[in-house]
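Written out below as structure tokens is the structure these notes cover.
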Amino acid sequence: MEQTSFHQENFRRRTRYTAVFLILAAVFCVVTVLNINTGNVYIPVPKILRILFLKEGAATEYNIIWKIRLPRILMAALLGGALSLSGFLLQTFFSNPIAGPFVLGISSGAKMVVALTMIVYLKYIGRFSSYTLILAAFIGSLISTGFILLMSKKVQHMASLLVGGIMIGYICSAITDFVVTFADDSDIVNLHGWSQGSFSGMSWSNIRVAAVVVGLAVLFTFFLSKPISAYQLGEAYAQSMGVNIKTFRVILILLSSILSACVTAFAGPISFVGIAVPFLARKAFGTSKPIVVIPGTFFMGAVFCMICDLIARMALAPVELNISTVTSILGAPIVIYMMIPKGGRK
Amino acid sequence: MIGPNGSGKSTILKSITRQLKVVGGNVFFDDTSLLKLPYKELASKMAVVLTDRIKTELMTCHDIVATGRYPYTGRLGILTQEDECLVEEAMQAVHAQELGNRDFNAISDGQKQRVLLARAICQDPDVIVLDEPTSFLDVKYKLELLSILERMARQKKITVIMSLHEIDLAQKISDKIICVKGETISHYGSPEKVFTEEIIRELYGINNGYFDPLFGSIELPAPEGEPEVFVISSGGTGIPVYRRLQKEHIPFAAGILYENDMDYRLARLLAAEVITEEPFEEIREETLQKAFVTMGKCKRVINAGVKIGAWNKGIEKLLEKAEKEGKL
């Protein structure tokens with residue numbers, strides 16, 4: 001009896017996972033198509049298919065798709081997934097669902113160092129590579145994370161820790177603004193768009209770099225799903241199951257920093273995705289099993305950011321919103337909803 | 001493992017399980033120093049149930065128990081059919097199979113504790129370490145949990161190391177008792193050796209109560225002062241009366257009790273004065289006179305029920321006198 005009911009439950013779960021993944025895949029396809037065919041120039045679907053798969057068509061349209069829209073979508077998907085996963089890792093680390101790269105000031109830290117690097121490079125060297133930016137963002141992330149970790153040793157209460165994170169975020173933003181004030185005009189234009197967050201102007205070489213970095217980090221994270229699942233029961237239990245806690249914590253922080261650094265380096269700080277998406281993913285899959293939630297979160301984050309980017313481009317076209325505006329409007333209410341205690345909970 | 005609050009029971013357990021660095025000394029596991037044992041290997045030998053409350057999100061009890069298979073699963077932690085069977089078995093061992101699909105946050109403390117125990121069982125260890133597993137549990141769950149542990153220890157030959165606050169239960173369930181007092185282990189040995197009145201009083205620094213090692217019962221201090229009530233009883237009939245009087249803070253005398261009467265064991269702790277007689281002897285005149293004197297000082301006499309036989313005819317006289325004086 002028990003055996004069968006248990007197998008039914010297992011089956012029910014698998015069905016649900018599959019269903020959610022299928023729905024995500026469907027939404028992904030729809031959004032991709034929408035993203036490609038809408039814009040200043042409308043391109044109908046048959047044409048898109050021909051341009052994409054047969055690589056033929058009018059030069060303008062060909063260029064719009066291959067040089068502008070496709071890279072942008074891919075980047076939105078990659079970075080959205082990376083950001084969500086970074087949030088998931090931080091939430092695991094602090095065992096608190098409100099943690100995320102933006103609220104803890106990690107994105108802002110990355111932004112600060114990237115801004116400094118950009119200005120210095122533009123002034124003295126003239127150009128910089130994607131890797132430089134990622135490295136700068138990574139260093140910035142680590143600086144912020146370091147502060148947060150130092151604080152978390154002293155401050156036990158999560159609320160104070162979050163306030164601390166937000167303050168670090170403000171300090172970093174202030175420094176960034178300060179630096180921007182003294183930058184050349186041409187730099188400011190460059191910086192301004194970037195520091196507000198946007199997926200525009202992505203090149204294929206950017207994507208290649210992002211794909212390598214994000215891809216490796218995601219793969220690595222996926223193979224960590226076993227210790228993460230142990231860690232969800234708390235440090236002490238995880239250790240009793242044979243997890244080397246110290247190493248594991250370091251890896252967790254490094255991975256989440258790399259992921260959020262990559263996002264910040266290319267698209268600037270993007271708010272709320274890191275909190276809202278993992279939450280939605282857990283709810284949608286009805287589990288917190290990392291082996292399901294990790295790919296699920298990545299996928300959902302990708303779809304979420306693609307939708308946000310679509311809205312950012314189209315809502316007030318031809319003016320483009322910055323991406324954080326959209327993610328905040330969609331993400332913040334979800335976070336508020338998360339914090340409201342649910343009925344029936346003890 | 002018993003000892004007062006803050007004496008270091010948890011610290012010892014955490015040192016054994018490697019959650020804390022060993023400050024001094026060493027821990028050996030089958031001749032291997034704990035410090036040299038890799039975490040993975042330790043995990044397959046030792047499972048824990050901790051006092052920390054765990055925060056989970058959307059995890060069913062089955063999921064929680066299944067984490068016990070962690071040291072045995074592959075890189076991605078996917079359970080095999082065999083693992084699933086062991087999980088199921090462990091759930092059955094703690095009578096929690098019906099909890100499998102429930103959310104861990106939605107069940108009671110007693111159920112949580114059982115689920116966590118199932119988790120430890122399915123880790124298939126040689127040793128299970130439990131830190132105060134019975135706190136927060138009511139009597140029923142306490143007994144249930146301890147009997148599960150005992151059965152497991154006997155059947156599966158698992159060593160159970162745990163700290164307990166309920167010394168009465170510790171006495172009944174343990175093979176060996178460790179008394180932890182501050183910096184040192186004050187005593188170690190079989191419950192029979194350790195559970196004496198003096199050791200327990202000294203261990204917990206009790207000066208306002210008693211522990212009876214024979215019954216494993218804990219008593220509040222006796223009411224102070226000259227006896228006001230004289231209780232006549234035998235064979236356990238006096239115990240509820242003693243407790244009642246003690247609750248009302250009325251000092252009392254008890255008698256005449258044979259020294260092998262169960263009433264005597266409690267009276268000696270709670271009564272202001274006890275008049276006793278050697279077992280299976282006729283009540284001597286001397287003893288009776290003593291009882292008369294004490295009874296004379298008391299305002300009331302309570303007959304809690306006593307069977308008069310050939311040897312204790314004296315009590316009859318005692319009752320008659322009380323009757324006459326209108327104290328009964």
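Naming scheme: A, B, ... for chains in displayed order of the structure tokens; residues 1 onward per chain; ligands 1 onward as shown.
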
Using DSSP on the backbone coordinates, identify all residues within range 71-300 of chain B classified as strand (DSSP E or B); present the result as a PyMOL selection string. chain B and resi 103+127-131+159-163+177-181+184-189+210-212+217-219+229-233+252-258+273-277+300

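When the distance limit is 10 Å and only C-alpha atoms are what count, the residues near Val163 in chain A, minus those fewer than 4 positions from it on the same chain, are Val103, Leu104, Gly105, Met158, Ala159, Met167, Ile168 and Gly169 of chain A.
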
Per residue of chain A within 10 Å of chain B, what are the shortest atom pair and its distance in Å to one decimal, counting only C-alpha atoms, with rows by chain and residue number, as JSON lines?
```
{"residue": "A:Glu2", "atom": "CA", "partner": "B:Gln97", "partner_atom": "CA", "distance": 7.1}
{"residue": "A:Gln3", "atom": "CA", "partner": "B:Glu88", "partner_atom": "CA", "distance": 7.9}
{"residue": "A:Ser5", "atom": "CA", "partner": "B:Asn101", "partner_atom": "CA", "distance": 9.1}
{"residue": "A:Phe6", "atom": "CA", "partner": "B:Gly100", "partner_atom": "CA", "distance": 7.6}
{"residue": "A:His7", "atom": "CA", "partner": "B:Glu84", "partner_atom": "CA", "distance": 9.9}
{"residue": "A:Glu9", "atom": "CA", "partner": "B:Asn101", "partner_atom": "CA", "distance": 7.4}
{"residue": "A:Asn10", "atom": "CA", "partner": "B:Asn101", "partner_atom": "CA", "distance": 9.6}
{"residue": "A:Ser95", "atom": "CA", "partner": "B:Lys55", "partner_atom": "CA", "distance": 8.0}
{"residue": "A:Asn96", "atom": "CA", "partner": "B:Lys55", "partner_atom": "CA", "distance": 9.3}
{"residue": "A:Pro97", "atom": "CA", "partner": "B:Glu57", "partner_atom": "CA", "distance": 9.4}
{"residue": "A:Phe222", "atom": "CA", "partner": "B:Leu76", "partner_atom": "CA", "distance": 8.3}
{"residue": "A:Phe223", "atom": "CA", "partner": "B:Leu76", "partner_atom": "CA", "distance": 6.3}
{"residue": "A:Leu224", "atom": "CA", "partner": "B:Leu76", "partner_atom": "CA", "distance": 7.6}
{"residue": "A:Ser225", "atom": "CA", "partner": "B:Leu76", "partner_atom": "CA", "distance": 6.4}
{"residue": "A:Lys226", "atom": "CA", "partner": "B:Gly77", "partner_atom": "CA", "distance": 5.2}
{"residue": "A:Pro227", "atom": "CA", "partner": "B:Gly77", "partner_atom": "CA", "distance": 8.5}
{"residue": "A:Ser229", "atom": "CA", "partner": "B:Thr67", "partner_atom": "CA", "distance": 7.7}
{"residue": "A:Ala230", "atom": "CA", "partner": "B:Thr67", "partner_atom": "CA", "distance": 6.6}
{"residue": "A:Gln232", "atom": "CA", "partner": "B:Thr56", "partner_atom": "CA", "distance": 6.9}
{"residue": "A:Leu233", "atom": "CA", "partner": "B:Ile54", "partner_atom": "CA", "distance": 5.9}
{"residue": "A:Gly234", "atom": "CA", "partner": "B:Ile54", "partner_atom": "CA", "distance": 6.4}
{"residue": "A:Glu235", "atom": "CA", "partner": "B:Gln19", "partner_atom": "CA", "distance": 9.1}
{"residue": "A:Ala236", "atom": "CA", "partner": "B:Gln19", "partner_atom": "CA", "distance": 6.6}
{"residue": "A:Tyr237", "atom": "CA", "partner": "B:Val48", "partner_atom": "CA", "distance": 7.3}
{"residue": "A:Ala238", "atom": "CA", "partner": "B:Thr67", "partner_atom": "CA", "distance": 9.3}
{"residue": "A:Gln239", "atom": "CA", "partner": "B:Gln19", "partner_atom": "CA", "distance": 7.4}
{"residue": "A:Ser240", "atom": "CA", "partner": "B:Ala43", "partner_atom": "CA", "distance": 5.6}
{"residue": "A:Met241", "atom": "CA", "partner": "B:Ala43", "partner_atom": "CA", "distance": 4.9}
{"residue": "A:Gly242", "atom": "CA", "partner": "B:Lys40", "partner_atom": "CA", "distance": 4.2}
{"residue": "A:Val243", "atom": "CA", "partner": "B:Tyr39", "partner_atom": "CA", "distance": 6.6}
{"residue": "A:Asn244", "atom": "CA", "partner": "B:Tyr39", "partner_atom": "CA", "distance": 6.7}
{"residue": "A:Ile245", "atom": "CA", "partner": "B:Tyr39", "partner_atom": "CA", "distance": 9.8}
{"residue": "A:Arg282", "atom": "CA", "partner": "B:Leu58", "partner_atom": "CA", "distance": 7.8}
{"residue": "A:Lys283", "atom": "CA", "partner": "B:Leu58", "partner_atom": "CA", "distance": 8.2}
{"residue": "A:Phe285", "atom": "CA", "partner": "B:Leu58", "partner_atom": "CA", "distance": 9.6}
{"residue": "A:Gly286", "atom": "CA", "partner": "B:Leu58", "partner_atom": "CA", "distance": 6.4}
{"residue": "A:Thr287", "atom": "CA", "partner": "B:Leu58", "partner_atom": "CA", "distance": 5.0}
{"residue": "A:Ser288", "atom": "CA", "partner": "B:Leu58", "partner_atom": "CA", "distance": 5.8}
{"residue": "A:Lys289", "atom": "CA", "partner": "B:Met59", "partner_atom": "CA", "distance": 7.8}
{"residue": "A:Pro290", "atom": "CA", "partner": "B:Leu76", "partner_atom": "CA", "distance": 9.7}
{"residue": "A:Ile291", "atom": "CA", "partner": "B:Leu76", "partner_atom": "CA", "distance": 7.4}
{"residue": "A:Gly344", "atom": "CA", "partner": "B:Ala106", "partner_atom": "CA", "distance": 9.0}
{"residue": "A:Arg345", "atom": "CA", "partner": "B:Ala106", "partner_atom": "CA", "distance": 7.4}
{"residue": "A:Lys346", "atom": "CA", "partner": "B:Ala106", "partner_atom": "CA", "distance": 7.7}
```

Excluding Lys290 in chain B and residues on its chain fewer than 2 positions from it, collect all residues at most 12 Å away from it, counting only C-alpha atoms, and give them as a PDB file with C-alpha atoms, in the first residue's frame.
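See result.pdb below for the written result:
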```
ATOM      1  CA  ALA B 253       5.045  12.326  60.077  1.00  0.00           C
ATOM      2  CA  ALA B 254       4.600   8.818  58.761  1.00  0.00           C
ATOM      3  CA  GLY B 255       4.385   5.553  60.605  1.00  0.00           C
ATOM      4  CA  ILE B 256       4.545   2.918  61.546  1.00  0.00           C
ATOM      5  CA  GLU B 273       9.609  12.203  60.814  1.00  0.00           C
ATOM      6  CA  VAL B 274       9.254   8.527  60.020  1.00  0.00           C
ATOM      7  CA  ILE B 275       8.641   5.856  62.595  1.00  0.00           C
ATOM      8  CA  THR B 276       9.873   2.528  61.326  1.00  0.00           C
ATOM      9  CA  GLU B 277      10.024  -1.065  62.300  1.00  0.00           C
ATOM     10  CA  ILE B 283       5.722  -3.981  66.277  1.00  0.00           C
ATOM     11  CA  ARG B 284       7.685  -3.556  69.452  1.00  0.00           C
ATOM     12  CA  GLU B 285       6.319  -1.661  72.426  1.00  0.00           C
ATOM     13  CA  GLU B 286       9.196   0.834  72.167  1.00  0.00           C
ATOM     14  CA  THR B 287       8.303   1.733  68.579  1.00  0.00           C
ATOM     15  CA  LEU B 288       4.634   2.040  69.432  1.00  0.00           C
ATOM     16  CA  PHE B 292       2.210   7.690  70.295  1.00  0.00           C
ATOM     17  CA  VAL B 293       4.487  10.612  71.193  1.00  0.00           C
ATOM     18  CA  THR B 294       4.756  11.809  67.619  1.00  0.00           C
ATOM     19  CA  MET B 295       1.044  11.374  67.008  1.00  0.00           C
ATOM     20  CA  GLY B 296       0.390  13.357  70.169  1.00  0.00           C
ATOM     21  CA  LYS B 297       2.200  16.323  68.671  1.00  0.00           C
ATOM     22  CA  GLY B 314       0.237  -2.241  67.179  1.00  0.00           C
ATOM     23  CA  LEU B 318      -2.585   3.612  67.227  1.00  0.00           C
TER      24      LEU B 318
END
```

Within range 54-280 of chain B, find each residue whose DSSP state, derived from the backbone, is alpha helix (DSSP H), and express the selection as a compact mmCIF listing (two decimals) with N, CA and C atoms, in the first residue's frame.
```
# COMPACT_ATOMS: atom_id res chain seq x y z
N CYS B 61 8.69 14.92 3.92
CA CYS B 61 9.42 14.13 4.91
C CYS B 61 10.26 13.07 4.21
N HIS B 62 9.70 12.54 3.14
CA HIS B 62 10.44 11.54 2.38
C HIS B 62 11.75 12.13 1.86
N ASP B 63 11.70 13.36 1.38
CA ASP B 63 12.92 14.02 0.90
C ASP B 63 13.95 14.12 2.00
N ILE B 64 13.47 14.49 3.18
CA ILE B 64 14.37 14.66 4.32
C ILE B 64 15.05 13.32 4.65
N VAL B 65 14.24 12.29 4.75
CA VAL B 65 14.80 10.98 5.09
C VAL B 65 15.79 10.54 4.01
N ALA B 66 15.43 10.81 2.77
CA ALA B 66 16.27 10.37 1.65
C ALA B 66 17.65 11.01 1.69
N GLN B 81 16.80 2.18 -6.77
CA GLN B 81 15.66 1.44 -6.23
C GLN B 81 15.98 0.94 -4.82
N GLU B 82 17.21 0.50 -4.65
CA GLU B 82 17.63 -0.02 -3.35
C GLU B 82 17.59 1.08 -2.29
N ASP B 83 18.07 2.25 -2.67
CA ASP B 83 18.03 3.38 -1.75
C ASP B 83 16.61 3.67 -1.32
N GLU B 84 15.71 3.67 -2.31
CA GLU B 84 14.31 3.95 -2.02
C GLU B 84 13.75 2.95 -1.01
N CYS B 85 14.13 1.69 -1.17
CA CYS B 85 13.66 0.67 -0.24
C CYS B 85 14.16 0.94 1.17
N LEU B 86 15.44 1.32 1.27
CA LEU B 86 16.01 1.59 2.58
C LEU B 86 15.33 2.79 3.24
N VAL B 87 15.02 3.80 2.42
CA VAL B 87 14.31 4.97 2.94
C VAL B 87 12.97 4.53 3.50
N GLU B 88 12.30 3.71 2.72
CA GLU B 88 10.98 3.23 3.13
C GLU B 88 11.07 2.43 4.43
N GLU B 89 12.10 1.59 4.51
CA GLU B 89 12.31 0.78 5.70
C GLU B 89 12.53 1.65 6.93
N ALA B 90 13.37 2.66 6.74
CA ALA B 90 13.69 3.55 7.85
C ALA B 90 12.44 4.27 8.34
N MET B 91 11.60 4.67 7.38
CA MET B 91 10.36 5.35 7.74
C MET B 91 9.47 4.41 8.55
N GLN B 92 9.47 3.15 8.14
CA GLN B 92 8.64 2.19 8.85
C GLN B 92 9.17 1.97 10.26
N ALA B 93 10.50 1.95 10.38
CA ALA B 93 11.10 1.69 11.68
C ALA B 93 10.69 2.73 12.71
N ASP B 109 6.36 18.59 16.24
CA ASP B 109 7.73 18.39 16.71
C ASP B 109 8.06 16.93 16.89
N GLY B 110 7.10 16.20 17.44
CA GLY B 110 7.34 14.78 17.67
C GLY B 110 7.56 14.05 16.36
N GLN B 111 6.74 14.39 15.38
CA GLN B 111 6.88 13.76 14.06
C GLN B 111 8.19 14.15 13.41
N LYS B 112 8.56 15.43 13.55
CA LYS B 112 9.82 15.89 12.96
C LYS B 112 10.97 15.09 13.53
N GLN B 113 10.95 14.93 14.85
CA GLN B 113 12.04 14.22 15.50
C GLN B 113 12.13 12.78 14.98
N ARG B 114 10.97 12.18 14.76
CA ARG B 114 10.98 10.80 14.25
C ARG B 114 11.51 10.76 12.82
N VAL B 115 11.11 11.76 12.02
CA VAL B 115 11.58 11.80 10.64
C VAL B 115 13.09 11.97 10.61
N LEU B 116 13.60 12.83 11.50
CA LEU B 116 15.04 13.04 11.53
C LEU B 116 15.77 11.78 11.99
N LEU B 117 15.12 11.05 12.87
CA LEU B 117 15.71 9.78 13.30
C LEU B 117 15.74 8.80 12.13
N ALA B 118 14.65 8.77 11.37
CA ALA B 118 14.60 7.90 10.20
C ALA B 118 15.73 8.26 9.24
N ARG B 119 15.98 9.56 9.12
CA ARG B 119 17.06 10.02 8.25
C ARG B 119 18.39 9.43 8.72
N ALA B 120 18.60 9.50 10.03
CA ALA B 120 19.84 8.97 10.59
C ALA B 120 19.92 7.45 10.37
N ILE B 121 18.78 6.77 10.56
CA ILE B 121 18.79 5.31 10.40
C ILE B 121 19.15 4.94 8.98
N CYS B 122 18.59 5.67 8.01
CA CYS B 122 18.82 5.23 6.64
C CYS B 122 20.21 5.65 6.14
N VAL B 139 5.24 13.14 26.66
CA VAL B 139 5.60 11.84 27.23
C VAL B 139 5.45 10.71 26.22
N LYS B 140 4.35 10.74 25.49
CA LYS B 140 4.08 9.66 24.57
C LYS B 140 5.20 9.54 23.53
N TYR B 141 5.55 10.68 22.92
CA TYR B 141 6.57 10.66 21.88
C TYR B 141 7.94 10.35 22.45
N LYS B 142 8.18 10.84 23.70
CA LYS B 142 9.44 10.53 24.34
C LYS B 142 9.62 9.02 24.43
N LEU B 143 8.58 8.36 24.97
CA LEU B 143 8.68 6.92 25.16
C LEU B 143 8.82 6.21 23.82
N GLU B 144 8.05 6.70 22.85
CA GLU B 144 8.07 6.07 21.54
C GLU B 144 9.46 6.17 20.92
N LEU B 145 10.01 7.40 20.97
CA LEU B 145 11.31 7.64 20.37
C LEU B 145 12.38 6.77 21.04
N LEU B 146 12.34 6.74 22.37
CA LEU B 146 13.36 5.99 23.08
C LEU B 146 13.23 4.49 22.82
N SER B 147 11.98 4.02 22.72
CA SER B 147 11.86 2.58 22.49
C SER B 147 12.30 2.22 21.07
N ILE B 148 12.08 3.15 20.13
CA ILE B 148 12.59 2.90 18.77
C ILE B 148 14.11 2.80 18.81
N LEU B 149 14.71 3.74 19.52
CA LEU B 149 16.17 3.74 19.61
C LEU B 149 16.69 2.46 20.23
N GLU B 150 16.01 2.04 21.28
CA GLU B 150 16.48 0.86 21.99
C GLU B 150 16.39 -0.37 21.09
N ARG B 151 15.26 -0.48 20.39
CA ARG B 151 15.07 -1.62 19.51
C ARG B 151 16.14 -1.65 18.42
N MET B 152 16.39 -0.44 17.89
CA MET B 152 17.36 -0.34 16.82
C MET B 152 18.75 -0.75 17.31
N ALA B 153 19.08 -0.29 18.50
CA ALA B 153 20.39 -0.59 19.05
C ALA B 153 20.56 -2.10 19.22
N ARG B 154 19.50 -2.77 19.67
CA ARG B 154 19.59 -4.21 19.88
C ARG B 154 19.61 -4.97 18.55
N GLN B 155 18.66 -4.61 17.68
CA GLN B 155 18.51 -5.40 16.45
C GLN B 155 19.63 -5.14 15.45
N LYS B 156 19.92 -3.87 15.22
CA LYS B 156 20.88 -3.57 14.16
C LYS B 156 22.28 -3.38 14.70
N ILE B 167 16.71 12.24 33.49
CA ILE B 167 17.60 11.26 34.08
C ILE B 167 16.87 9.97 34.39
N ASP B 168 15.57 10.08 34.69
CA ASP B 168 14.81 8.86 34.99
C ASP B 168 14.78 7.95 33.77
N LEU B 169 14.62 8.56 32.58
CA LEU B 169 14.60 7.75 31.36
C LEU B 169 16.00 7.26 31.01
N ALA B 170 16.98 8.12 31.22
CA ALA B 170 18.36 7.74 30.93
C ALA B 170 18.73 6.48 31.70
N GLN B 171 18.28 6.46 32.95
CA GLN B 171 18.59 5.32 33.80
C GLN B 171 18.01 4.04 33.24
N LYS B 172 16.81 4.16 32.65
CA LYS B 172 16.12 2.95 32.23
C LYS B 172 16.56 2.46 30.85
N ILE B 173 17.10 3.36 30.04
CA ILE B 173 17.34 2.96 28.66
C ILE B 173 18.82 2.68 28.37
N PRO B 191 24.30 2.13 34.68
CA PRO B 191 23.31 2.93 35.40
C PRO B 191 23.23 2.54 36.88
N GLU B 192 23.41 1.24 37.16
CA GLU B 192 23.31 0.79 38.54
C GLU B 192 24.37 1.47 39.40
N LYS B 193 25.55 1.63 38.80
CA LYS B 193 26.65 2.21 39.57
C LYS B 193 26.49 3.72 39.71
N VAL B 194 26.04 4.34 38.62
CA VAL B 194 26.03 5.80 38.58
C VAL B 194 24.81 6.38 39.31
N GLU B 197 21.90 8.17 44.95
CA GLU B 197 21.40 9.47 45.36
C GLU B 197 22.51 10.52 45.39
N GLU B 198 23.67 10.12 45.94
CA GLU B 198 24.73 11.12 46.14
C GLU B 198 25.26 11.62 44.81
N ILE B 199 25.54 10.67 43.88
CA ILE B 199 26.14 11.08 42.61
C ILE B 199 25.22 12.03 41.88
N ILE B 200 23.94 11.71 41.86
CA ILE B 200 23.01 12.55 41.12
C ILE B 200 22.88 13.92 41.78
N ARG B 201 22.77 13.92 43.10
CA ARG B 201 22.64 15.21 43.79
C ARG B 201 23.87 16.06 43.57
N GLU B 202 25.02 15.43 43.61
CA GLU B 202 26.25 16.17 43.43
C GLU B 202 26.37 16.66 41.98
N LEU B 203 26.02 15.78 41.04
CA LEU B 203 26.15 16.12 39.62
C LEU B 203 25.32 17.35 39.27
N TYR B 204 24.08 17.34 39.71
CA TYR B 204 23.21 18.45 39.35
C TYR B 204 23.22 19.55 40.40
N GLY B 238 0.05 5.25 51.14
CA GLY B 238 0.42 6.56 51.70
C GLY B 238 0.94 7.53 50.65
N ILE B 239 1.47 7.01 49.52
CA ILE B 239 2.18 7.88 48.58
C ILE B 239 1.34 9.06 48.07
N PRO B 240 0.10 8.80 47.60
CA PRO B 240 -0.68 9.96 47.15
C PRO B 240 -0.93 10.96 48.27
N VAL B 241 -1.10 10.46 49.50
CA VAL B 241 -1.33 11.37 50.62
C VAL B 241 -0.09 12.22 50.88
N TYR B 242 1.09 11.58 50.86
CA TYR B 242 2.33 12.34 51.06
C TYR B 242 2.45 13.46 50.03
N ARG B 243 2.19 13.10 48.79
CA ARG B 243 2.36 14.09 47.71
C ARG B 243 1.41 15.26 47.91
N ARG B 244 0.20 14.93 48.29
CA ARG B 244 -0.80 15.96 48.50
C ARG B 244 -0.36 16.92 49.61
N LEU B 245 0.09 16.33 50.72
CA LEU B 245 0.52 17.14 51.86
C LEU B 245 1.72 18.00 51.48
N GLN B 246 2.61 17.41 50.72
CA GLN B 246 3.79 18.16 50.32
C GLN B 246 3.42 19.35 49.45
N LYS B 247 2.45 19.12 48.57
CA LYS B 247 2.00 20.18 47.67
C LYS B 247 1.41 21.34 48.48
N MET B 262 7.01 0.14 50.39
CA MET B 262 7.30 1.16 49.38
C MET B 262 6.94 2.56 49.86
N ASP B 263 6.00 2.62 50.79
CA ASP B 263 5.70 3.92 51.37
C ASP B 263 6.92 4.52 52.06
N TYR B 264 7.73 3.62 52.63
CA TYR B 264 8.89 4.09 53.37
C TYR B 264 9.88 4.83 52.47
N ARG B 265 10.03 4.34 51.23
CA ARG B 265 11.01 4.95 50.32
C ARG B 265 10.69 6.41 50.06
N LEU B 266 9.43 6.73 49.99
CA LEU B 266 9.07 8.12 49.75
C LEU B 266 9.01 8.90 51.05
N ALA B 267 8.46 8.25 52.08
CA ALA B 267 8.31 8.92 53.36
C ALA B 267 9.66 9.42 53.87
N ARG B 268 10.68 8.63 53.62
CA ARG B 268 12.00 8.99 54.13
C ARG B 268 12.49 10.28 53.48
N LEU B 269 12.01 10.58 52.26
CA LEU B 269 12.41 11.80 51.58
C LEU B 269 11.50 12.98 51.92
N LEU B 270 10.21 12.68 52.12
CA LEU B 270 9.25 13.78 52.22
C LEU B 270 8.78 14.07 53.64
```

Let me make sure I understand: among B:Pro125, B:Gly3, B:Gly25, B:Gly309, which one has the smallest atom-to-atom distance to Ile185 in chain B if we use only C-alpha atoms? B:Gly3

Taking 4 positions as the minimum chain separation for residues in the same chain, which residues sit within 12 Å of Asn63 in chain A when counting only C-alpha atoms? Answer as number ranges by chain. A: 36, 41, 43, 48, 51-52, 55-59, 67-71

Residues within 8 Å of Thr117 in chain A, please, as a PyMOL selection string. Count only C-alpha atoms; anything in the same chain fewer than 4 positions from it doesn't count. chain A and resi 113+121+133+136

Expected file: the selected residues, C-alpha atoms, as a short mmCIF file (atom, residue, chain, number, x, y, z; two decimals), in the first residue's frame:
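The file below, out_15.cif, is the result:
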```
data_model
loop_
_atom_site.label_atom_id
_atom_site.label_comp_id
_atom_site.auth_asym_id
_atom_site.auth_seq_id
_atom_site.Cartn_x
_atom_site.Cartn_y
_atom_site.Cartn_z
CA VAL A 113 34.87 48.26 -10.08
CA TYR A 121 41.10 51.87 -19.63
CA LEU A 133 35.29 43.57 -17.68
CA ALA A 136 36.75 43.66 -12.90
#
```

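Straight-line separation from CA of Ser186 in chain B to CA of Phe136 in chain B: 27.2 Å.
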
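Here the question is which of B:Ser108, B:Gln289, B:Thr11, B:Thr80 gets nearest to Lys317 in chain B using only C-alpha atoms, and that residue is B:Gln289.
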
Given only C-alpha atoms as the basis, pick out the residue of B:Leu220, B:Met162, B:Leu34, B:Val231 nearest to Leu257 in chain B. B:Val231

Close residues, Arg313 in chain A itself excluded, 10 Å, only C-alpha atoms, min 2 positions apart in chain, as a PyMOL selection string: chain A and resi 35+38-40+198-200+307-311+315-323

Residues from last step as file, C-alpha atoms, as a CSV table (one decimal), in the first residue's frame:
```
chain,number,residue,atom,x,y,z
A,35,ASN,CA,11.6,39.2,-29.7
A,38,THR,CA,9.0,42.9,-33.2
A,39,GLY,CA,10.8,46.2,-33.2
A,40,ASN,CA,11.2,49.2,-35.3
A,198,SER,CA,20.6,47.0,-20.7
A,199,PHE,CA,20.9,44.1,-23.1
A,200,SER,CA,21.5,46.3,-26.1
A,307,ILE,CA,10.2,38.8,-21.5
A,308,CYS,CA,11.5,41.8,-19.6
A,309,ASP,CA,13.8,42.8,-22.4
A,310,LEU,CA,10.9,42.5,-24.8
A,311,ILE,CA,8.9,44.8,-22.6
A,315,ALA,CA,6.6,49.3,-24.0
A,316,LEU,CA,7.5,52.8,-25.0
A,317,ALA,CA,9.0,52.2,-28.4
A,318,PRO,CA,11.0,53.8,-29.9
A,319,VAL,CA,12.3,54.9,-26.5
A,320,GLU,CA,13.9,52.0,-24.8
A,321,LEU,CA,13.5,51.4,-21.0
A,322,ASN,CA,16.4,50.2,-19.1
A,323,ILE,CA,16.1,46.6,-18.1
```

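Atom pair CA of Arg16 in chain A / CA of Leu252 in chain A has a distance of 28.1 Å (rounded to one decimal).
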
Just want the 12 Å neighbourhood of Met339 in chain A, counted on only C-alpha atoms, with same-chain residues fewer than 6 positions away dropped. Output as a list in words. Asn96, Pro97, Ile98, Ile275, Ala276, Phe279, Ala332 and Pro333 of chain A
